[in-house]
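Listing of run-v3.cif; format and content: mmCIF, C-alpha atoms.
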```cif
data_upload
#
loop_
_atom_site.label_atom_id
_atom_site.label_comp_id
_atom_site.auth_asym_id
_atom_site.auth_seq_id
_atom_site.Cartn_x
_atom_site.Cartn_y
_atom_site.Cartn_z
CA MET A 1 -7.05 1.89 22.40
CA LYS A 2 -10.70 2.80 22.85
CA SER A 3 -13.18 2.02 25.60
CA LEU A 4 -15.54 -0.89 25.12
CA PRO A 5 -19.24 -0.17 24.59
CA GLY A 6 -21.34 -1.50 27.44
CA LYS A 7 -18.34 -2.86 29.41
CA SER A 8 -17.49 -2.05 33.02
CA ALA A 9 -14.03 -0.67 33.71
CA GLY A 10 -11.46 -3.38 34.30
CA LYS A 11 -13.47 -6.15 32.69
CA PRO A 12 -11.97 -7.57 29.49
CA LEU A 13 -13.91 -8.04 26.30
CA ARG A 14 -14.52 -11.79 25.90
CA VAL A 15 -14.71 -13.03 22.31
CA LEU A 16 -15.48 -16.59 21.21
CA LEU A 17 -13.96 -17.30 17.79
CA ALA A 18 -15.58 -20.24 16.01
CA ASP A 19 -13.69 -21.28 12.88
CA ASP A 20 -11.97 -24.51 11.88
CA HIS A 21 -8.97 -22.65 10.42
CA THR A 22 -6.38 -21.96 13.14
CA VAL A 23 -4.48 -19.43 11.03
CA LEU A 24 -7.63 -17.38 10.48
CA ARG A 25 -8.49 -17.39 14.19
CA GLU A 26 -5.01 -16.17 15.07
CA GLY A 27 -5.28 -13.42 12.48
CA LEU A 28 -8.59 -12.23 13.92
CA LYS A 29 -7.09 -12.21 17.41
CA GLN A 30 -4.24 -10.03 16.27
CA ILE A 31 -6.61 -7.53 14.66
CA LEU A 32 -8.72 -7.27 17.82
CA ARG A 33 -5.74 -7.12 20.21
CA GLU A 34 -4.47 -4.06 18.37
CA GLU A 35 -7.77 -2.26 19.01
CA PHE A 36 -8.90 -3.41 22.44
CA SER A 37 -6.57 -2.99 25.42
CA SER A 38 -8.23 -5.73 27.49
CA ILE A 39 -9.50 -8.78 25.65
CA GLU A 40 -9.81 -12.54 26.17
CA PHE A 41 -10.44 -15.19 23.51
CA GLY A 42 -12.00 -18.61 23.33
CA ASP A 43 -11.64 -21.00 20.40
CA ALA A 44 -14.10 -23.44 18.82
CA GLN A 45 -13.38 -25.56 15.76
CA ASN A 46 -16.82 -26.97 14.95
CA GLY A 47 -20.50 -26.29 15.48
CA GLN A 48 -21.02 -28.50 18.52
CA GLU A 49 -17.93 -27.18 20.29
CA THR A 50 -19.25 -23.68 19.72
CA LEU A 51 -22.59 -24.53 21.31
CA ASP A 52 -20.86 -26.28 24.22
CA ARG A 53 -18.91 -23.12 25.06
CA LEU A 54 -21.79 -20.64 24.89
CA GLY A 55 -22.37 -20.56 28.65
CA GLN A 56 -18.88 -19.29 29.48
CA GLY A 57 -19.68 -15.58 29.62
CA TRP A 58 -18.80 -14.33 26.15
CA ASP A 59 -19.58 -10.81 24.98
CA VAL A 60 -19.65 -11.66 21.27
CA LEU A 61 -19.46 -14.76 19.08
CA VAL A 62 -17.59 -14.50 15.78
CA LEU A 63 -18.85 -17.48 13.80
CA ASP A 64 -17.68 -19.12 10.59
CA LEU A 65 -20.71 -20.22 8.57
CA ASN A 66 -19.13 -23.42 7.26
CA MET A 67 -17.56 -25.68 9.89
CA PRO A 68 -17.49 -29.45 10.47
CA GLY A 69 -20.65 -30.90 12.00
CA LYS A 70 -23.51 -28.49 12.60
CA ASN A 71 -23.57 -25.72 10.03
CA GLY A 72 -23.56 -22.08 10.93
CA LEU A 73 -27.28 -21.54 10.50
CA GLU A 74 -28.03 -24.38 12.92
CA VAL A 75 -25.53 -22.97 15.42
CA ILE A 76 -27.11 -19.52 15.20
CA ARG A 77 -30.62 -20.82 15.80
CA GLU A 78 -29.57 -22.99 18.75
CA ALA A 79 -27.38 -20.24 20.18
CA LYS A 80 -30.31 -17.79 20.19
CA VAL A 81 -32.17 -20.25 22.42
CA THR A 82 -29.24 -20.97 24.76
CA ALA A 83 -27.80 -17.44 24.86
CA PRO A 84 -30.44 -15.12 23.36
CA ARG A 85 -28.59 -11.89 24.27
CA LEU A 86 -25.23 -12.95 22.82
CA PRO A 87 -24.53 -10.99 19.60
CA ILE A 88 -23.36 -13.20 16.74
CA LEU A 89 -21.14 -11.85 13.98
CA VAL A 90 -20.97 -14.20 11.00
CA LEU A 91 -17.85 -14.61 8.86
CA THR A 92 -17.93 -16.50 5.57
CA MET A 93 -16.34 -16.75 2.13
CA LEU A 94 -19.77 -17.18 0.54
CA PRO A 95 -21.08 -14.21 -1.48
CA GLU A 96 -23.31 -11.87 0.51
CA GLU A 97 -26.27 -12.21 -1.82
CA GLN A 98 -26.52 -15.94 -1.13
CA VAL A 99 -26.39 -16.06 2.67
CA ALA A 100 -26.74 -12.63 4.32
CA ALA A 101 -30.53 -12.71 4.45
CA ARG A 102 -30.49 -16.28 5.82
CA VAL A 103 -28.08 -15.57 8.68
CA LEU A 104 -29.88 -12.39 9.71
CA LYS A 105 -33.22 -14.19 9.67
CA ALA A 106 -31.71 -16.96 11.82
CA GLY A 107 -30.72 -14.38 14.45
CA ALA A 108 -27.21 -13.13 13.65
CA ALA A 109 -26.43 -9.50 14.48
CA GLY A 110 -23.98 -8.96 11.67
CA PHE A 111 -22.38 -10.37 8.56
CA LEU A 112 -18.87 -10.06 7.14
CA ASN A 113 -17.25 -11.63 4.13
CA LYS A 114 -13.82 -13.00 5.14
CA GLN A 115 -12.17 -10.98 2.39
CA THR A 116 -13.28 -7.72 4.02
CA ALA A 117 -12.83 -8.84 7.64
CA PRO A 118 -9.37 -7.27 8.21
CA GLU A 119 -10.73 -3.81 7.38
CA GLU A 120 -14.17 -4.10 8.94
CA LEU A 121 -13.90 -6.55 11.85
CA VAL A 122 -13.34 -3.99 14.59
CA THR A 123 -16.17 -1.74 13.40
CA ALA A 124 -18.48 -4.74 13.16
CA VAL A 125 -17.63 -5.97 16.66
CA ARG A 126 -18.25 -2.54 18.14
CA ARG A 127 -21.55 -2.20 16.33
CA VAL A 128 -22.98 -5.51 17.55
CA LEU A 129 -21.70 -4.89 21.09
CA GLU A 130 -23.73 -1.68 21.08
CA GLY A 131 -26.83 -3.69 20.24
CA GLY A 132 -26.89 -2.77 16.57
CA ARG A 133 -26.59 -4.74 13.35
CA TYR A 134 -23.65 -4.68 11.02
CA LEU A 135 -23.79 -5.06 7.25
CA THR A 136 -21.42 -3.71 4.65
CA SER A 137 -22.96 -1.09 2.39
CA ARG A 138 -22.69 -3.58 -0.48
CA THR A 139 -24.62 -6.23 1.46
CA ALA A 140 -27.29 -3.74 2.52
CA GLU A 141 -27.79 -2.64 -1.08
CA LYS A 142 -28.14 -6.22 -2.26
CA LEU A 143 -30.71 -7.02 0.45
CA VAL A 144 -32.75 -3.94 -0.45
CA HIS A 145 -32.62 -4.96 -4.10
CA GLN A 146 -33.85 -8.45 -3.21
CA ILE A 147 -36.81 -6.98 -1.32
CA GLU A 148 -37.69 -4.54 -4.10
CA ASP A 149 -37.37 -7.06 -6.94
CA GLN A 150 -39.13 -10.19 -5.72
CA SER A 151 -40.26 -11.03 -9.26
CA GLY A 152 -36.66 -11.62 -10.29
CA VAL A 153 -35.56 -13.72 -7.29
CA ALA A 154 -33.39 -16.71 -8.24
CA LEU A 155 -35.07 -20.04 -7.62
CA TYR A 156 -32.49 -21.14 -5.04
CA ARG A 157 -33.45 -18.18 -2.81
CA LYS A 158 -36.87 -19.80 -2.31
CA LEU A 159 -35.34 -22.94 -0.76
CA SER A 160 -35.54 -23.61 2.95
CA ASP A 161 -32.27 -23.58 4.91
CA ARG A 162 -32.19 -27.38 4.97
CA GLU A 163 -32.94 -27.62 1.25
CA PHE A 164 -30.16 -25.14 0.55
CA GLN A 165 -27.75 -27.22 2.65
CA VAL A 166 -28.66 -30.46 0.84
CA LEU A 167 -28.28 -28.65 -2.49
CA GLN A 168 -24.70 -27.70 -1.63
CA LEU A 169 -23.78 -31.20 -0.50
CA LEU A 170 -25.31 -32.87 -3.55
CA ALA A 171 -23.57 -30.42 -5.84
CA GLU A 172 -20.26 -31.29 -4.17
CA GLY A 173 -20.77 -34.91 -5.14
CA LYS A 174 -21.77 -36.29 -1.73
CA SER A 175 -23.81 -39.49 -1.74
CA LEU A 176 -27.24 -39.69 -0.12
CA LYS A 177 -25.71 -41.85 2.61
CA ASP A 178 -22.92 -39.35 3.29
CA ILE A 179 -25.38 -36.46 3.42
CA ALA A 180 -27.66 -38.38 5.77
CA ALA A 181 -24.73 -39.01 8.12
CA ALA A 182 -23.53 -35.42 7.96
CA LEU A 183 -26.98 -33.98 8.71
CA SER A 184 -28.12 -36.70 11.13
CA ILE A 185 -31.19 -37.53 9.05
CA SER A 186 -32.28 -40.66 7.20
CA VAL A 187 -31.30 -41.53 3.64
CA LYS A 188 -35.01 -41.53 2.78
CA THR A 189 -35.31 -37.97 4.05
CA VAL A 190 -32.31 -36.88 1.97
CA SER A 191 -33.89 -38.52 -1.07
CA THR A 192 -37.08 -36.58 -0.42
CA PHE A 193 -35.10 -33.34 -0.20
CA ARG A 194 -33.36 -34.19 -3.48
CA THR A 195 -36.67 -34.78 -5.26
CA ARG A 196 -38.04 -31.53 -3.86
CA LEU A 197 -34.91 -29.63 -4.89
CA LEU A 198 -35.01 -30.86 -8.47
CA ALA A 199 -38.66 -29.87 -8.72
CA LYS A 200 -38.18 -26.39 -7.23
CA LEU A 201 -35.12 -25.66 -9.33
CA LYS A 202 -36.66 -27.20 -12.46
CA LEU A 203 -33.75 -29.58 -12.95
CA GLN A 204 -33.63 -33.20 -14.08
CA ASN A 205 -30.69 -34.82 -12.30
CA ASN A 206 -27.60 -34.36 -10.09
CA VAL A 207 -25.43 -33.27 -13.01
CA GLU A 208 -27.75 -30.37 -13.79
CA LEU A 209 -27.95 -29.60 -10.08
CA ALA A 210 -24.15 -29.41 -9.81
CA LEU A 211 -23.93 -27.17 -12.87
CA TYR A 212 -26.65 -24.93 -11.42
CA ALA A 213 -24.75 -24.62 -8.14
CA MET A 214 -21.53 -23.76 -9.97
CA GLN A 215 -23.30 -21.18 -12.13
CA HIS A 216 -24.72 -19.43 -9.06
CA LYS A 217 -21.49 -19.83 -7.01
CA LEU A 218 -23.17 -21.90 -4.30
CA LEU A 219 -20.30 -24.34 -3.64
CA HIS A 220 -18.89 -23.27 -0.27
CA ASN A 221 -16.01 -25.75 -0.07
CA ASN A 222 -14.04 -24.24 -2.95
CA LEU A 223 -14.47 -20.79 -1.49
CA ASP A 224 -13.48 -21.75 2.04
CA ASN A 225 -10.40 -23.60 0.80
CA GLU A 226 -8.99 -20.26 -0.28
CA THR A 227 -8.42 -19.47 3.39
CA SER A 228 -6.72 -22.77 4.23
#
```
Please express the file's structure as C-alpha cells.
Amino acid sequence: MKSLPGKSAGKPLRVLLADDHTVLREGLKQILREEFSSIEFGDAQNGQETLDRLGQGWDVLVLDLNMPGKNGLEVIREAKVTAPRLPILVLTMLPEEQVAARVLKAGAAGFLNKQTAPEELVTAVRRVLEGGRYLTSRTAEKLVHQIEDQSGVALYRKLSDREFQVLQLLAEGKSLKDIAAALSISVKTVSTFRTRLLAKLKLQNNVELALYAMQHKLLHNNLDNETS
C-alpha cells in the first residue's frame, strides 16, 4: 500500500464512482482497495445523481461517459462549475479518437477506455490526484495526430457536443420525440439539429446517417452493452 498524494495522514481517499453498471463499479472498487489502504466509495447510477452527490467531499470522480439521463459531457461541464477543483477521470467503451478530445475540452482530468481500466486505473487516479492529466500513450498519439493533420479530420469531429449526441441517438433509431424527451429539448429543436447534421455530414437521410455512424463506430450503446 502506498501513501496518497496530497492527503493528510489518517484521512481516507474518497472516490465517487458514477456508472450504471453495478458489476463494473464493484470491480473498480476491488482494484482500488488493493492499492489504497484507506479508501471510501460513493455510488451514482446516472448523470443527475452524480451531480447531486458532488458536494459530499470527494477527492476524485470516476465517471462513465454514457449513463441514463444527462450524458457524461454535460455532467463534466456542470461539475466543473459546482466543484471546479474536483478531478474527473472518464471511463468509456467508446474509442479514444472519438471522445478523448471532447472530454478533455469539457474539463476532465483524464481518460480511460474501460478495456484498459484494470491495468491503468490506479496510475490514472494517482496522476489526477497529483493535479496532472492522464492519457494512455495511444490516446496522446491520436490527439497529436488530430492536431497535426487538420486537413484530414473526419466530418463528425467538426460537430458540436450536442450535434454529436443527436447523431448517436438518431443512428440508434430513436424518434425525434424520444430524443427531445431524452435531451429535454423541443421536437422542433431536434429536427433543426437533424437538418444541420445531414448538411454537415453531407448525407441525405436517416439511413445514410445510421450507416455513417456504424462505419465510424459512433454507436455507444452496442459498445457499452459489452460490459453488461
Just say which residues the PyMOL selection byres ((chain A and resi 75) around 9) picks in this file, as a PyMOL selection string. chain A and resi 47-48+50-51+63+65+70-74+76-80
One-decimal distance in Å that lies between CA of Ala180 (chain A) and CA of Thr192 (chain A): 11.4 Å
How would you write, as a list of chain:residue names, the residues chosen by the PyMOL selection byres ((chain A and resi 10-23) around 6) on this structure? A:Ser8, A:Ala9, A:Leu24, A:Arg25, A:Glu26, A:Ser38, A:Ile39, A:Glu40, A:Phe41, A:Gly42, A:Asp43, A:Ala44, A:Gln45, A:Trp58, A:Asp59, A:Val60, A:Leu61, A:Val62, A:Leu63, A:Asp64
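Proximity to region 162-174 of chain A at 8 Å, evaluated using all atoms listed in the file and with sequence-adjacent residues fewer than 3 positions away removed, yields Tyr156, Leu159, Asp178, Ile179, Val190, Phe193, Arg194, Leu197, Asn206, Val207, Leu209, Ala210, Leu211, Ala213, Leu218, Leu219 and His220 of chain A.
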Go through A:Pro68, A:Gly55, A:Pro84, A:Gly110 one by one, measure the shortest atom-to-atom distance of each to Leu183 (chain A) using only C-alpha atoms, and give the residue with the smallest value. A:Pro68
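When CA of Leu28 (chain A) is paired with CA of Met93 (chain A), their separation reads 14.8 Å.
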In Å, how far is it from CA of Lys105 (chain A) to CA of Ser186 (chain A)? 26.6 Å
Region 118-125 of chain A surroundings by only C-alpha atoms, 7 Å radius, close-in-sequence under 2 positions cut, as a PyMOL selection string: chain A and resi 32+116+127-129+134
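Nearest to Val90 (chain A) of all the residues A:Arg33, A:Arg133, A:His216, A:Arg53 is A:Arg133, counting only C-alpha atoms.
Residue nearest Gly57 (chain A), chosen from A:Leu86, A:Ala182, A:Arg196, A:Phe36 and counting only C-alpha atoms: A:Leu86.
Distances to Glu130 (chain A) were evaluated for A:Leu201, A:Pro87, A:Gly107, A:Glu96 using only C-alpha atoms, and the minimum falls at A:Pro87.
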Please provide the set of residues having any atom within 10 Å of Thr195 (chain A), restricted to only C-alpha atoms, with same-chain residues fewer than 5 positions apart removed, written as an MDAnalysis selection string. chainID A and resid 189:190 200 203:205
